[in-house]
file run_4.csv (CSV, C-alpha atoms)
chain,number,residue,atom,x,y,z
A,1,MET,CA,-38.7,9.1,74.3
A,2,ASN,CA,-37.8,11.4,71.4
A,3,VAL,CA,-34.2,11.2,70.3
A,4,SER,CA,-32.9,14.1,68.2
A,5,VAL,CA,-30.4,13.3,65.6
A,6,ALA,CA,-27.9,16.0,64.6
A,7,LEU,CA,-27.9,16.6,60.9
A,8,PRO,CA,-24.6,17.2,59.1
A,9,ASP,CA,-23.7,20.9,58.7
A,10,SER,CA,-24.6,21.8,55.1
A,11,THR,CA,-22.5,25.0,54.9
A,12,LEU,CA,-19.8,25.0,52.2
A,13,ALA,CA,-17.0,25.3,54.7
A,14,ALA,CA,-18.4,22.3,56.7
A,15,ARG,CA,-18.7,20.2,53.6
A,16,ALA,CA,-15.2,21.1,52.6
A,17,THR,CA,-13.9,20.2,56.1
A,18,ARG,CA,-15.4,16.8,55.8
A,19,VAL,CA,-13.6,16.3,52.5
A,20,ALA,CA,-10.4,17.6,54.0
A,21,SER,CA,-10.5,15.0,56.7
A,22,ILE,CA,-10.6,12.3,54.1
A,23,ALA,CA,-8.0,13.9,52.0
A,24,ALA,CA,-5.6,14.2,55.0
A,25,GLN,CA,-5.8,10.4,55.6
A,26,HIS,CA,-4.4,9.7,52.1
A,27,ALA,CA,-2.2,12.7,51.4
A,28,ASP,CA,1.1,11.1,52.1
A,29,ASP,CA,0.3,8.0,50.1
A,30,VAL,CA,-1.0,10.2,47.2
A,31,ASP,CA,2.3,12.0,47.2
A,32,ALA,CA,4.5,9.0,47.6
A,33,ALA,CA,2.8,6.9,44.9
A,34,ALA,CA,2.1,10.0,42.7
A,35,ARG,CA,-1.5,8.7,42.4
A,36,PHE,CA,-4.7,10.5,41.8
A,37,PRO,CA,-6.5,11.3,45.2
A,38,LYS,CA,-9.5,9.3,44.3
A,39,GLU,CA,-10.9,9.1,47.8
A,40,ALA,CA,-10.9,12.9,48.2
A,41,VAL,CA,-12.3,13.6,44.8
A,42,ASP,CA,-15.1,11.0,45.5
A,43,ALA,CA,-15.7,12.9,48.7
A,44,LEU,CA,-15.9,16.2,46.7
A,45,ARG,CA,-18.6,14.6,44.5
A,46,ALA,CA,-20.4,13.2,47.5
A,47,GLU,CA,-20.5,16.6,49.2
A,48,ARG,CA,-21.6,18.1,45.8
A,49,LEU,CA,-18.8,20.6,45.8
A,50,LEU,CA,-17.8,20.3,42.1
A,51,GLY,CA,-20.8,22.2,40.9
A,52,ILE,CA,-21.1,24.9,43.5
A,53,GLN,CA,-20.1,27.7,41.2
A,54,ILE,CA,-22.8,26.9,38.6
A,55,PRO,CA,-25.7,29.4,38.9
A,56,VAL,CA,-28.7,28.2,41.0
A,57,HIS,CA,-31.1,28.4,38.1
A,58,LEU,CA,-28.8,25.8,36.3
A,59,GLY,CA,-28.7,23.4,39.3
A,60,GLY,CA,-25.7,24.8,41.2
A,61,GLU,CA,-25.3,27.0,44.2
A,62,SER,CA,-24.0,30.3,42.7
A,63,ALA,CA,-20.9,30.1,45.0
A,64,ASP,CA,-18.7,33.2,44.7
A,65,LEU,CA,-15.0,33.3,44.4
A,66,ARG,CA,-14.4,34.1,48.1
A,67,GLN,CA,-16.3,30.9,49.1
A,68,ILE,CA,-14.4,28.8,46.5
A,69,ALA,CA,-11.0,30.3,47.6
A,70,ASP,CA,-11.9,29.4,51.2
A,71,ILE,CA,-12.5,25.8,50.2
A,72,CYS,CA,-9.2,25.8,48.4
A,73,CYS,CA,-7.5,26.9,51.6
A,74,ILE,CA,-9.3,24.3,53.7
A,75,LEU,CA,-8.3,21.5,51.3
A,76,GLY,CA,-4.8,22.9,51.0
A,77,GLN,CA,-4.2,22.4,54.7
A,78,SER,CA,-4.9,18.6,54.2
A,79,CYS,CA,-3.8,17.6,50.7
A,80,SER,CA,-2.2,20.0,48.3
A,81,ALA,CA,-3.0,17.8,45.3
A,82,THR,CA,-6.7,17.6,46.1
A,83,ALA,CA,-6.8,21.3,46.7
A,84,MET,CA,-5.1,22.1,43.3
A,85,ILE,CA,-7.4,19.7,41.4
A,86,PHE,CA,-10.4,21.4,43.0
A,87,ALA,CA,-8.9,24.9,42.1
A,88,MET,CA,-8.2,23.9,38.5
A,89,HIS,CA,-11.6,22.5,38.1
A,90,GLN,CA,-13.2,25.7,39.5
A,91,ILE,CA,-11.0,27.9,37.2
A,92,LYS,CA,-12.4,26.0,34.2
A,93,ALA,CA,-15.9,26.2,35.7
A,94,SER,CA,-15.5,30.0,35.9
A,95,SER,CA,-15.1,30.2,32.1
A,96,LEU,CA,-18.4,28.4,31.7
A,97,VAL,CA,-20.2,30.5,34.3
A,98,GLU,CA,-18.8,33.8,33.0
A,99,HIS,CA,-19.0,33.1,29.3
A,100,GLY,CA,-21.2,30.1,28.7
A,101,GLU,CA,-24.8,31.2,29.1
A,102,GLU,CA,-24.9,32.9,25.7
A,103,SER,CA,-24.6,29.4,24.2
A,104,ALA,CA,-27.4,26.8,24.5
A,105,TRP,CA,-24.9,23.9,24.5
A,106,HIS,CA,-22.7,25.4,27.2
A,107,THR,CA,-25.7,26.2,29.3
A,108,SER,CA,-26.9,22.6,29.0
A,109,PHE,CA,-23.4,21.4,29.9
A,110,MET,CA,-23.4,23.5,33.1
A,111,ARG,CA,-26.7,21.8,34.1
A,112,ARG,CA,-25.1,18.4,33.5
A,113,LEU,CA,-21.9,19.4,35.4
A,114,ALA,CA,-24.0,20.4,38.5
A,115,ALA,CA,-26.2,17.4,38.3
A,116,GLU,CA,-23.5,14.7,37.7
A,117,GLN,CA,-20.7,16.5,39.5
A,118,LEU,CA,-18.4,16.2,36.5
A,119,LEU,CA,-14.7,16.9,36.9
A,120,ILE,CA,-13.2,19.3,34.3
A,121,GLY,CA,-9.6,19.1,33.1
A,122,SER,CA,-7.5,21.8,31.5
A,123,ALA,CA,-5.3,21.6,28.4
A,124,THR,CA,-3.9,25.1,27.7
A,125,THR,CA,-0.2,24.2,27.4
A,126,GLU,CA,1.4,22.9,24.2
A,127,GLY,CA,4.7,21.6,23.0
A,128,GLY,CA,6.7,24.4,21.3
A,129,ILE,CA,5.1,27.5,22.9
A,130,GLY,CA,7.2,27.6,26.1
A,131,GLY,CA,4.3,27.6,28.6
A,132,ASN,CA,2.6,30.7,27.1
A,133,LEU,CA,-1.1,29.8,27.3
A,134,ARG,CA,-2.0,32.9,25.2
A,135,ASN,CA,-0.4,31.3,22.1
A,136,SER,CA,-1.3,28.0,20.3
A,137,ILE,CA,0.3,26.1,17.5
A,138,CYS,CA,-2.6,23.6,16.9
A,139,ALA,CA,-5.7,24.8,15.2
A,140,ILE,CA,-9.3,23.5,15.4
A,141,HIS,CA,-10.8,22.5,12.1
A,142,VAL,CA,-14.6,23.1,11.6
A,143,ASP,CA,-16.4,21.2,8.8
A,144,GLY,CA,-20.0,22.0,8.9
A,145,ASP,CA,-21.4,21.0,12.3
A,146,ILE,CA,-18.3,19.1,13.4
A,147,CYS,CA,-15.0,20.2,14.7
A,148,THR,CA,-11.8,18.2,15.1
A,149,LEU,CA,-8.6,19.0,17.0
A,150,GLU,CA,-5.2,17.4,17.5
A,151,LYS,CA,-2.9,18.9,20.1
A,152,ASP,CA,0.4,17.9,21.6
A,153,ALA,CA,-0.5,18.9,25.1
A,154,THR,CA,2.6,18.7,27.3
A,155,VAL,CA,0.4,18.9,30.4
A,156,ILE,CA,-3.3,18.1,30.9
A,157,SER,CA,-4.4,18.5,34.5
A,158,TYR,CA,-5.5,15.1,35.8
A,159,GLY,CA,-6.2,14.3,32.2
A,160,SER,CA,-6.9,10.6,32.6
A,161,GLU,CA,-9.4,11.2,35.4
A,162,ALA,CA,-11.3,14.2,33.9
A,163,ASP,CA,-14.9,13.8,32.6
A,164,ALA,CA,-14.4,16.6,30.2
A,165,ILE,CA,-11.5,18.8,29.0
A,166,LEU,CA,-11.5,22.5,28.2
A,167,ILE,CA,-8.8,22.9,25.5
A,168,THR,CA,-7.3,25.9,23.7
A,169,SER,CA,-6.2,26.1,20.0
A,170,ARG,CA,-6.0,28.6,17.2
A,171,ALA,CA,-9.4,29.6,15.9
A,172,HIS,CA,-8.7,28.1,12.4
A,173,ALA,CA,-5.8,27.0,10.2
A,174,ASP,CA,-4.8,30.5,9.1
A,175,ALA,CA,-5.2,32.2,12.5
A,176,ALA,CA,-2.4,33.9,14.2
A,177,PRO,CA,-1.0,32.1,17.3
A,178,ALA,CA,-2.8,34.5,19.7
A,179,ASP,CA,-6.1,34.2,17.8
A,180,GLN,CA,-7.4,31.4,20.0
A,181,VAL,CA,-10.7,29.6,20.9
A,182,MET,CA,-11.5,27.3,23.8
A,183,THR,CA,-13.6,24.1,23.2
A,184,VAL,CA,-15.3,21.7,25.6
A,185,PHE,CA,-14.7,18.0,24.7
A,186,LEU,CA,-16.5,15.3,26.6
A,187,LYS,CA,-14.7,12.1,27.7
A,188,ASP,CA,-16.2,10.0,24.9
A,189,GLN,CA,-15.3,12.6,22.3
A,190,TYR,CA,-11.5,12.4,22.5
A,191,SER,CA,-8.6,10.0,22.9
A,192,LEU,CA,-5.4,10.5,24.9
A,193,GLU,CA,-2.0,9.0,24.0
A,194,LYS,CA,0.4,9.5,26.9
A,195,THR,CA,3.6,11.3,25.8
A,196,HIS,CA,5.0,12.6,29.2
A,197,VAL,CA,4.8,11.1,32.7
A,198,TRP,CA,4.0,13.5,35.6
A,199,ASN,CA,7.0,12.4,37.7
A,200,THR,CA,7.6,15.7,39.6
A,201,LEU,CA,9.1,17.0,42.8
A,202,GLY,CA,5.8,18.1,44.2
A,203,MET,CA,2.0,18.2,43.4
A,204,ARG,CA,2.5,14.6,42.4
A,205,GLY,CA,-1.1,13.6,42.9
A,206,THR,CA,-2.4,16.0,40.3
A,207,CYS,CA,-1.3,13.4,37.7
A,208,SER,CA,-0.9,16.1,35.0
A,209,ASP,CA,0.7,13.9,32.4
A,210,GLY,CA,1.3,15.0,28.8
A,211,PHE,CA,-0.8,13.6,26.0
A,212,LEU,CA,-1.4,13.7,22.3
A,213,PHE,CA,-5.0,14.8,22.3
A,214,LYS,CA,-7.3,13.9,19.4
A,215,GLY,CA,-10.9,15.1,19.6
A,216,LYS,CA,-14.0,15.2,17.5
A,217,ALA,CA,-17.2,16.9,18.6
A,218,PRO,CA,-20.1,19.1,17.4
A,219,SER,CA,-18.8,22.6,16.6
A,220,GLU,CA,-21.3,24.2,19.0
A,221,GLN,CA,-19.0,23.1,21.8
A,222,ILE,CA,-16.5,25.8,20.8
A,223,PHE,CA,-17.0,28.9,23.1
A,224,PRO,CA,-18.5,31.7,21.1
A,225,LYS,CA,-16.2,34.3,22.8
A,226,PRO,CA,-12.5,34.5,21.8
A,227,PHE,CA,-10.2,32.9,24.3
A,228,ALA,CA,-8.4,36.3,24.7
A,229,GLU,CA,-11.5,37.7,26.4
A,230,ILE,CA,-12.1,34.6,28.4
A,231,ALA,CA,-8.5,34.6,29.7
A,232,ALA,CA,-8.6,38.3,30.6
A,233,GLN,CA,-12.1,38.4,32.1
A,234,SER,CA,-12.1,35.2,34.1
A,235,MET,CA,-9.1,33.0,33.9
A,236,LEU,CA,-6.5,35.6,34.9
A,237,ALA,CA,-8.1,36.5,38.2
A,238,THR,CA,-9.6,33.1,39.1
A,239,SER,CA,-6.3,31.3,38.4
A,240,HIS,CA,-4.1,33.6,40.5
A,241,LEU,CA,-6.7,33.9,43.3
A,242,LEU,CA,-7.7,30.2,43.6
A,243,TRP,CA,-4.1,29.0,43.3
A,244,SER,CA,-3.2,31.5,46.0
A,245,GLY,CA,-5.9,30.1,48.2
A,246,VAL,CA,-4.3,26.6,47.8
A,247,TRP,CA,-0.8,27.9,48.5
A,248,TYR,CA,-2.0,29.8,51.6
A,249,GLY,CA,-3.6,26.6,52.9
A,250,ILE,CA,-0.3,24.7,52.4
A,251,ALA,CA,1.6,27.5,54.3
A,252,ALA,CA,-1.0,27.7,57.0
A,253,ASP,CA,-0.7,24.0,57.8
A,254,ALA,CA,3.1,24.4,58.0
A,255,VAL,CA,2.6,27.2,60.5
A,256,LEU,CA,0.1,25.1,62.5
A,257,ARG,CA,2.7,22.2,62.7
A,258,ALA,CA,5.4,24.7,63.8
A,259,GLN,CA,3.0,26.1,66.5
A,260,ALA,CA,2.3,22.6,67.7
A,261,PHE,CA,6.0,21.9,67.9
A,262,VAL,CA,6.7,25.0,70.0
A,263,ARG,CA,3.7,24.2,72.3
A,264,ALA,CA,5.0,20.7,72.9
A,265,ALA,CA,8.4,22.1,73.7
A,266,ALA,CA,6.9,24.7,76.1
A,267,ARG,CA,5.0,21.9,78.0
A,268,LYS,CA,8.3,20.1,78.6
A,269,SER,CA,9.9,23.2,80.1
A,270,PRO,CA,7.2,25.3,81.9
A,271,GLY,CA,8.1,28.9,82.4
A,272,VAL,CA,10.9,28.9,79.7
A,273,ALA,CA,10.3,30.3,76.3
A,274,PRO,CA,11.1,27.6,73.7
A,275,PRO,CA,13.9,28.4,71.2
A,276,GLY,CA,11.4,28.5,68.3
A,277,ALA,CA,8.9,30.9,69.9
A,278,ILE,CA,10.3,34.1,68.4
A,279,ARG,CA,10.5,32.4,65.0
A,280,LEU,CA,6.9,31.4,65.4
A,281,ALA,CA,5.9,35.0,65.9
A,282,GLU,CA,7.9,36.0,62.8
A,283,VAL,CA,6.3,33.3,60.6
A,284,SER,CA,2.8,34.2,61.8
A,285,ASN,CA,3.5,37.7,60.5
A,286,LYS,CA,4.5,36.4,57.1
A,287,LEU,CA,1.4,34.2,56.9
A,288,GLN,CA,-0.8,37.2,57.6
A,289,ILE,CA,0.8,39.0,54.7
A,290,VAL,CA,-0.2,36.2,52.3
A,291,LYS,CA,-3.7,36.1,53.8
A,292,SER,CA,-4.2,39.9,53.4
A,293,ASN,CA,-2.8,39.7,49.9
A,294,VAL,CA,-5.4,37.1,48.9
A,295,ILE,CA,-8.3,38.8,50.6
A,296,ALA,CA,-7.4,42.1,48.9
A,297,GLY,CA,-7.2,40.3,45.5
A,298,LEU,CA,-10.6,38.7,46.0
A,299,LYS,CA,-12.2,42.0,46.9
A,300,ALA,CA,-10.6,43.7,43.9
A,301,TYR,CA,-12.1,41.0,41.7
A,302,GLU,CA,-15.5,41.1,43.2
A,303,ASP,CA,-15.5,44.9,42.8
A,304,THR,CA,-14.4,44.7,39.2
A,305,LYS,CA,-16.1,41.5,37.7
A,306,SER,CA,-19.3,43.3,36.6
A,307,ASP,CA,-17.3,45.6,34.3
A,308,PRO,CA,-15.6,43.8,31.4
A,309,ASP,CA,-13.6,46.8,30.5
A,310,ARG,CA,-12.0,47.1,33.9
A,311,LEU,CA,-11.4,43.3,33.9
A,312,MET,CA,-9.3,43.7,30.8
A,313,SER,CA,-7.5,46.8,32.0
A,314,MET,CA,-3.8,47.0,32.6
A,315,GLY,CA,-4.3,48.1,36.2
A,316,PHE,CA,-6.4,45.0,37.1
A,317,ALA,CA,-3.9,42.7,35.3
A,318,ILE,CA,-1.0,44.1,37.3
A,319,ALA,CA,-3.0,43.8,40.5
A,320,MET,CA,-3.7,40.1,39.9
A,321,ASN,CA,-0.2,39.4,38.8
A,322,ASN,CA,1.1,40.9,42.1
A,323,VAL,CA,-1.2,38.7,44.1
A,324,LYS,CA,0.2,35.6,42.4
A,325,ILE,CA,3.9,36.8,42.7
A,326,CYS,CA,3.5,37.6,46.4
A,327,SER,CA,1.7,34.4,47.4
A,328,SER,CA,3.9,32.1,45.4
A,329,GLU,CA,7.2,33.6,46.7
A,330,THR,CA,6.2,34.2,50.4
A,331,ILE,CA,4.9,30.7,51.1
A,332,LEU,CA,8.3,29.3,50.5
A,333,GLU,CA,9.7,31.7,53.1
A,334,ILE,CA,7.0,30.6,55.5
A,335,ILE,CA,7.5,26.9,55.1
A,336,ASN,CA,11.3,27.3,55.3
A,337,HIS,CA,10.8,29.3,58.5
A,338,ALA,CA,8.5,26.5,59.9
A,339,MET,CA,11.2,23.9,59.0
A,340,LEU,CA,13.7,25.9,61.1
A,341,ILE,CA,11.3,25.9,64.0
A,342,CYS,CA,10.6,22.1,63.8
A,343,GLY,CA,14.2,21.2,63.1
A,344,ILE,CA,14.9,17.6,62.4
A,345,MET,CA,11.3,16.6,63.2
A,346,GLY,CA,10.1,18.8,60.4
A,347,TYR,CA,12.8,17.5,58.0
A,348,LYS,CA,12.0,13.9,58.7
A,349,ASN,CA,9.1,12.2,57.0
A,350,GLY,CA,6.4,10.4,59.1
A,351,THR,CA,6.3,12.8,62.1
A,352,PRO,CA,3.5,15.0,63.2
A,353,TYR,CA,5.7,18.0,62.2
A,354,SER,CA,6.9,16.7,58.8
A,355,LEU,CA,7.1,19.5,56.2
A,356,GLY,CA,8.9,17.9,53.3
A,357,ARG,CA,5.7,17.4,51.3
A,358,HIS,CA,4.6,21.0,52.0
A,359,LEU,CA,7.9,22.4,50.8
A,360,ARG,CA,8.0,20.3,47.6
A,361,ASP,CA,4.4,21.2,46.7
A,362,ALA,CA,5.0,24.8,47.4
A,363,HIS,CA,7.9,25.0,44.9
A,364,SER,CA,5.4,24.5,42.1
A,365,ALA,CA,3.8,27.9,42.9
A,366,GLN,CA,6.5,30.0,41.2
A,367,LEU,CA,6.3,27.8,38.1
A,368,MET,CA,2.5,27.9,37.5
A,369,ILE,CA,2.6,30.2,35.4
A,370,SER,CA,6.3,31.1,35.6
A,371,ASN,CA,6.9,34.2,37.8
A,372,ASP,CA,9.5,35.4,35.3
A,373,ARG,CA,6.9,35.5,32.6
A,374,ILE,CA,4.4,37.3,34.8
A,375,LEU,CA,6.9,39.8,36.0
A,376,SER,CA,7.9,40.5,32.3
A,377,ASN,CA,4.3,41.1,31.4
A,378,SER,CA,3.8,43.4,34.4
A,379,ALA,CA,7.0,45.3,33.5
A,380,ASN,CA,5.7,45.9,30.0
A,381,LEU,CA,2.3,47.1,31.4
A,382,LEU,CA,4.0,49.4,33.9
A,383,LEU,CA,5.8,51.2,31.1
A,384,VAL,CA,2.5,52.8,30.2
A,385,GLN,CA,0.3,52.3,33.3
A,386,LYS,CA,0.4,54.7,36.2
A,387,GLN,CA,1.1,53.0,39.5
A,388,ASP,CA,-1.8,53.0,42.0
A,389,THR,CA,-0.3,54.3,45.2
A,390,SER,CA,-3.6,54.9,47.1
A,391,LEU,CA,-5.0,53.0,50.1
A,392,SER,CA,-8.5,53.4,49.0
A,393,ILE,CA,-10.6,50.3,49.1

call {"tool": "encode", "arguments": {"input": "run_4.csv", "output": "C-alpha cells"}}
result
Amino acid sequence: MNVSVALPDSTLAARATRVASIAAQHADDVDAAARFPKEAVDALRAERLLGIQIPVHLGGESADLRQIADICCILGQSCSATAMIFAMHQIKASSLVEHGEESAWHTSFMRRLAAEQLLIGSATTEGGIGGNLRNSICAIHVDGDICTLEKDATVISYGSEADAILITSRAHADAAPADQVMTVFLKDQYSLEKTHVWNTLGMRGTCSDGFLFKGKAPSEQIFPKPFAEIAAQSMLATSHLLWSGVWYGIAADAVLRAQAFVRAAARKSPGVAPPGAIRLAEVSNKLQIVKSNVIAGLKAYEDTKSDPDRLMSMGFAIAMNNVKICSSETILEIINHAMLICGIMGYKNGTPYSLGRHLRDAHSAQLMISNDRILSNSANLLLVQKQDTSLSI
C-alpha cells in the first residue's frame, strides 16, 4: 500500500506562519524576562527566512518588500519582538541588496548571509546626536587597507546576538556630521562594552542595549556609496514600511482578540447583540485604514524603486513619512479600542484576551524614529513641495 506523505508548504507565508506559532509560545516570557526570542530566531534560520531578500543569483530568493512586509505582519501577530528583529534585519539587508553589488566584498557577504542565515544588527544612533541617524559624531579612520571605528552607540539592535553589524559614522576625521558612510563589521571584527541596559516599557525582547563599539576590519567593508544616498534610496522606505507591517500585525492581533471576546459574549446570550459589537465594527474600520495605508506605501515604493531620482525626491519622502505617522499613531487607537471591548479581561495578564503587551509594544512606534522629528522634516519639505491631491495610482 502506498502512503502519501504531505510535504510542508514551502511558500514564504507558510514558512512565516510556522515560525509565528513557535514565537507565540514564548512571546509572554520573552516580554516578561526581556530576553532575546532565541526560539523564534532559530526558527527563522531553520525556515531560511533571513536571506530571502538576497537575489537568487547570490543564493537568496529575491523576495520583494511586499512579501517581507507580509511576514512582518504574520510575526507581529504572535510576537512583536520577533517581528521587529526580523524587520530590522531586513532593513539592513535592503542596504546590501540595493547598494552592495557594485562591491566585490559586499556581494560575497550577501552570498554568505544567504548561505549561513546570518543575523544583521543596526548601529545608527549615537550619544550626543539626539536620535538623528543622518548625523554622526564618530568618524571611521582608514589606514591603507584597514579601517577602525569607535562609536558610543546608545542603541544597537539585538547587538549581543547579531552575527554582523551595519554601523554609521562620519566618512573621515574632517568630515561634516552629515557626511557619513556605513560599514559592515563581522562579529569577530569588533568588541562591545555594554553602556546602557535595554530595560523598556515594550519591545523588551529586541534587547537593543547600548554599547561602546570598537571595530577593526578591511576598509573594503565600507559601502562605496555615501550613507545619505543609502538612507534616501532604501532605508527611508524600507524602515517605515516594514515597521508599519509589524505594527499592523500587533494591531490586527488585538482586533482578533477583541472579536473573539465579542463572539464568546454572543454565544452566552443568543439573539442579543453584545455590548462590544458596535465598538468591534468601529475598530475594524480603523484597522482597515492602517492596512490600506501600508499597502499604498508598498505600491508607491515598488513603482518608484527603479528611479533613484524619484526615491530621493521630496514628494516620495513625504509619502513615506506619512505612512509611518499614520501607522504608528492609529495602532494605539486600535489597541485602546480593543481594550475597551475586552474590558478587564483585556487589562489583565494571562487571559486569552490580554492586551497589555500589545499596548506597551505599540507605544514604541511613535518613537522609532520620533514622530515629532518626522513631522518637522515633512513640514520643511512642504514649504517648497506641492501637495499631491490626486487619486491616481

call {"tool": "residues_around", "arguments": {"input": "run_4.csv", "residues": "region 358-363 of chain A", "least_positions_apart": "5", "cutoff": "7 Å", "atoms": "all atoms listed in the file", "output": "list of chain:residue names"}}
result
A:Ser80, A:Leu201, A:Gly202, A:Met203, A:Trp247, A:Ile250, A:Ile331, A:Leu332, A:Ile335

call {"tool": "atom_distance", "arguments": {"input": "run_4.csv", "atom1": "CA of His89 (chain A)", "atom2": "CA of Ile120 (chain A)"}}
result
5.2 Å

call {"tool": "atom_distance", "arguments": {"input": "run_4.csv", "atom1": "CA of Gly159 (chain A)", "atom2": "CA of Leu192 (chain A)"}}
result
8.3 Å

call {"tool": "closest_residue", "arguments": {"input": "run_4.csv", "among": "A:Met235, A:Ala251, A:Ile318, A:Val56", "to": "Ile374 (chain A)", "atoms": "only C-alpha atoms"}}
result
A:Ile318

call {"tool": "closest_residue", "arguments": {"input": "run_4.csv", "among": "A:Lys216, A:Arg111, A:Arg310, A:Lys38", "to": "Glu61 (chain A)", "atoms": "all atoms listed in the file"}}
result
A:Arg111

call {"tool": "closest_residue", "arguments": {"input": "run_4.csv", "among": "A:Pro226, A:Gly276, A:Gly121, A:Gly205", "to": "Ala33 (chain A)", "atoms": "all atoms listed in the file"}}
result
A:Gly205

call {"tool": "closest_residue", "arguments": {"input": "run_4.csv", "among": "A:Ala265, A:Arg66, A:Ile344, A:Pro352", "to": "Ala296 (chain A)", "atoms": "only C-alpha atoms"}}
result
A:Arg66

call {"tool": "residues_around", "arguments": {"input": "run_4.csv", "residues": "Ala24 (chain A)", "least_positions_apart": "3", "cutoff": "9 Å", "atoms": "only C-alpha atoms", "output": "PDB file with C-alpha atoms, keeping the file's coordinate frame"}}
result
ATOM      1  CA  VAL A  19     -13.600  16.300  52.500  1.00  0.00           C
ATOM      2  CA  ALA A  20     -10.400  17.600  54.000  1.00  0.00           C
ATOM      3  CA  SER A  21     -10.500  15.000  56.700  1.00  0.00           C
ATOM      4  CA  ALA A  27      -2.200  12.700  51.400  1.00  0.00           C
ATOM      5  CA  ASP A  28       1.100  11.100  52.100  1.00  0.00           C
ATOM      6  CA  ALA A  40     -10.900  12.900  48.200  1.00  0.00           C
ATOM      7  CA  LEU A  75      -8.300  21.500  51.300  1.00  0.00           C
ATOM      8  CA  GLN A  77      -4.200  22.400  54.700  1.00  0.00           C
ATOM      9  CA  SER A  78      -4.900  18.600  54.200  1.00  0.00           C
ATOM     10  CA  CYS A  79      -3.800  17.600  50.700  1.00  0.00           C
TER      11      CYS A  79
END

call {"tool": "closest_residue", "arguments": {"input": "run_4.csv", "among": "A:Glu229, A:Asp388, A:Asp372, A:Asp64", "to": "Asp309 (chain A)", "atoms": "only C-alpha atoms"}}
result
A:Glu229

call {"tool": "atom_distance", "arguments": {"input": "run_4.csv", "atom1": "CA of Asn380 (chain A)", "atom2": "CA of Ala317 (chain A)"}}
result
11.4 Å

call {"tool": "residues_near_point", "arguments": {"input": "run_4.csv", "point": "(-12.1, 25.6, 22.0)", "cutoff": "8 Å", "atoms": "all atoms listed in the file", "output": "PyMOL selection string"}}
result
chain A and resi 140+166-169+171+180-184+221-223+227

call {"tool": "closest_residue", "arguments": {"input": "run_4.csv", "among": "A:Thr351, A:Asn199, A:Thr206, A:Thr11", "to": "Val41 (chain A)", "atoms": "only C-alpha atoms"}}
result
A:Thr206

call {"tool": "residues_around", "arguments": {"input": "run_4.csv", "residues": "Ala173 (chain A)", "least_positions_apart": "5", "cutoff": "9 Å", "atoms": "all atoms listed in the file", "output": "PyMOL selection string"}}
result
chain A and resi 138-141

call {"tool": "residues_near_point", "arguments": {"input": "run_4.csv", "point": "(3.8, 32.1, 64.6)", "cutoff": "7 Å", "atoms": "all atoms listed in the file", "output": "VMD selection string"}}
result
chain A and resid 255 259 279 to 285

call {"tool": "residues_around", "arguments": {"input": "run_4.csv", "residues": "Ala260 (chain A)", "least_positions_apart": "2", "cutoff": "12 Å", "atoms": "all atoms listed in the file", "output": "MDAnalysis selection string"}}
result
chainID A and resid 253:258 262:267 274 276:277 280 338 341:342 345:346 351:354

call {"tool": "residues_around", "arguments": {"input": "run_4.csv", "residues": "Asp143 (chain A)", "least_positions_apart": "3", "cutoff": "12 Å", "atoms": "all atoms listed in the file", "output": "list in words"}}
result
Ile140, Ile146, Cys147, Thr148, Leu149, His172, Lys216, Ala217, Pro218, Ser219 and Glu220 of chain A

call {"tool": "decode", "arguments": {"input": "run_4.csv", "residues": "region 331-342 of chain A", "atoms": "N, CA and C atoms", "output": "PDB file, in the first residue's frame"}}
result
ATOM      1  N   ILE A 331      -2.406  52.689  15.361  1.00  0.00           N
ATOM      2  CA  ILE A 331      -2.432  51.397  16.058  1.00  0.00           C
ATOM      3  C   ILE A 331      -2.705  51.568  17.548  1.00  0.00           C
ATOM      4  N   LEU A 332      -2.287  52.691  18.122  1.00  0.00           N
ATOM      5  CA  LEU A 332      -2.590  52.917  19.538  1.00  0.00           C
ATOM      6  C   LEU A 332      -4.089  53.102  19.749  1.00  0.00           C
ATOM      7  N   GLU A 333      -4.734  53.820  18.826  1.00  0.00           N
ATOM      8  CA  GLU A 333      -6.190  53.964  18.894  1.00  0.00           C
ATOM      9  C   GLU A 333      -6.863  52.601  18.793  1.00  0.00           C
ATOM     10  N   ILE A 334      -6.366  51.762  17.897  1.00  0.00           N
ATOM     11  CA  ILE A 334      -6.960  50.436  17.684  1.00  0.00           C
ATOM     12  C   ILE A 334      -6.833  49.575  18.934  1.00  0.00           C
ATOM     13  N   ILE A 335      -5.648  49.535  19.518  1.00  0.00           N
ATOM     14  CA  ILE A 335      -5.447  48.668  20.680  1.00  0.00           C
ATOM     15  C   ILE A 335      -6.212  49.196  21.895  1.00  0.00           C
ATOM     16  N   ASN A 336      -6.252  50.499  22.055  1.00  0.00           N
ATOM     17  CA  ASN A 336      -7.079  51.071  23.127  1.00  0.00           C
ATOM     18  C   ASN A 336      -8.541  50.703  22.951  1.00  0.00           C
ATOM     19  N   HIS A 337      -9.014  50.768  21.702  1.00  0.00           N
ATOM     20  CA  HIS A 337     -10.394  50.411  21.381  1.00  0.00           C
ATOM     21  C   HIS A 337     -10.646  48.937  21.725  1.00  0.00           C
ATOM     22  N   ALA A 338      -9.692  48.077  21.348  1.00  0.00           N
ATOM     23  CA  ALA A 338      -9.829  46.649  21.645  1.00  0.00           C
ATOM     24  C   ALA A 338      -9.852  46.408  23.151  1.00  0.00           C
ATOM     25  N   MET A 339      -9.083  47.209  23.893  1.00  0.00           N
ATOM     26  CA  MET A 339      -9.060  47.087  25.354  1.00  0.00           C
ATOM     27  C   MET A 339     -10.443  47.419  25.940  1.00  0.00           C
ATOM     28  N   LEU A 340     -11.089  48.430  25.399  1.00  0.00           N
ATOM     29  CA  LEU A 340     -12.430  48.781  25.862  1.00  0.00           C
ATOM     30  C   LEU A 340     -13.421  47.654  25.590  1.00  0.00           C
ATOM     31  N   ILE A 341     -13.245  46.985  24.469  1.00  0.00           N
ATOM     32  CA  ILE A 341     -14.136  45.870  24.118  1.00  0.00           C
ATOM     33  C   ILE A 341     -13.945  44.708  25.088  1.00  0.00           C
ATOM     34  N   CYS A 342     -12.691  44.369  25.363  1.00  0.00           N
ATOM     35  CA  CYS A 342     -12.396  43.208  26.201  1.00  0.00           C
ATOM     36  C   CYS A 342     -12.510  43.517  27.691  1.00  0.00           C
TER      37      CYS A 342
END
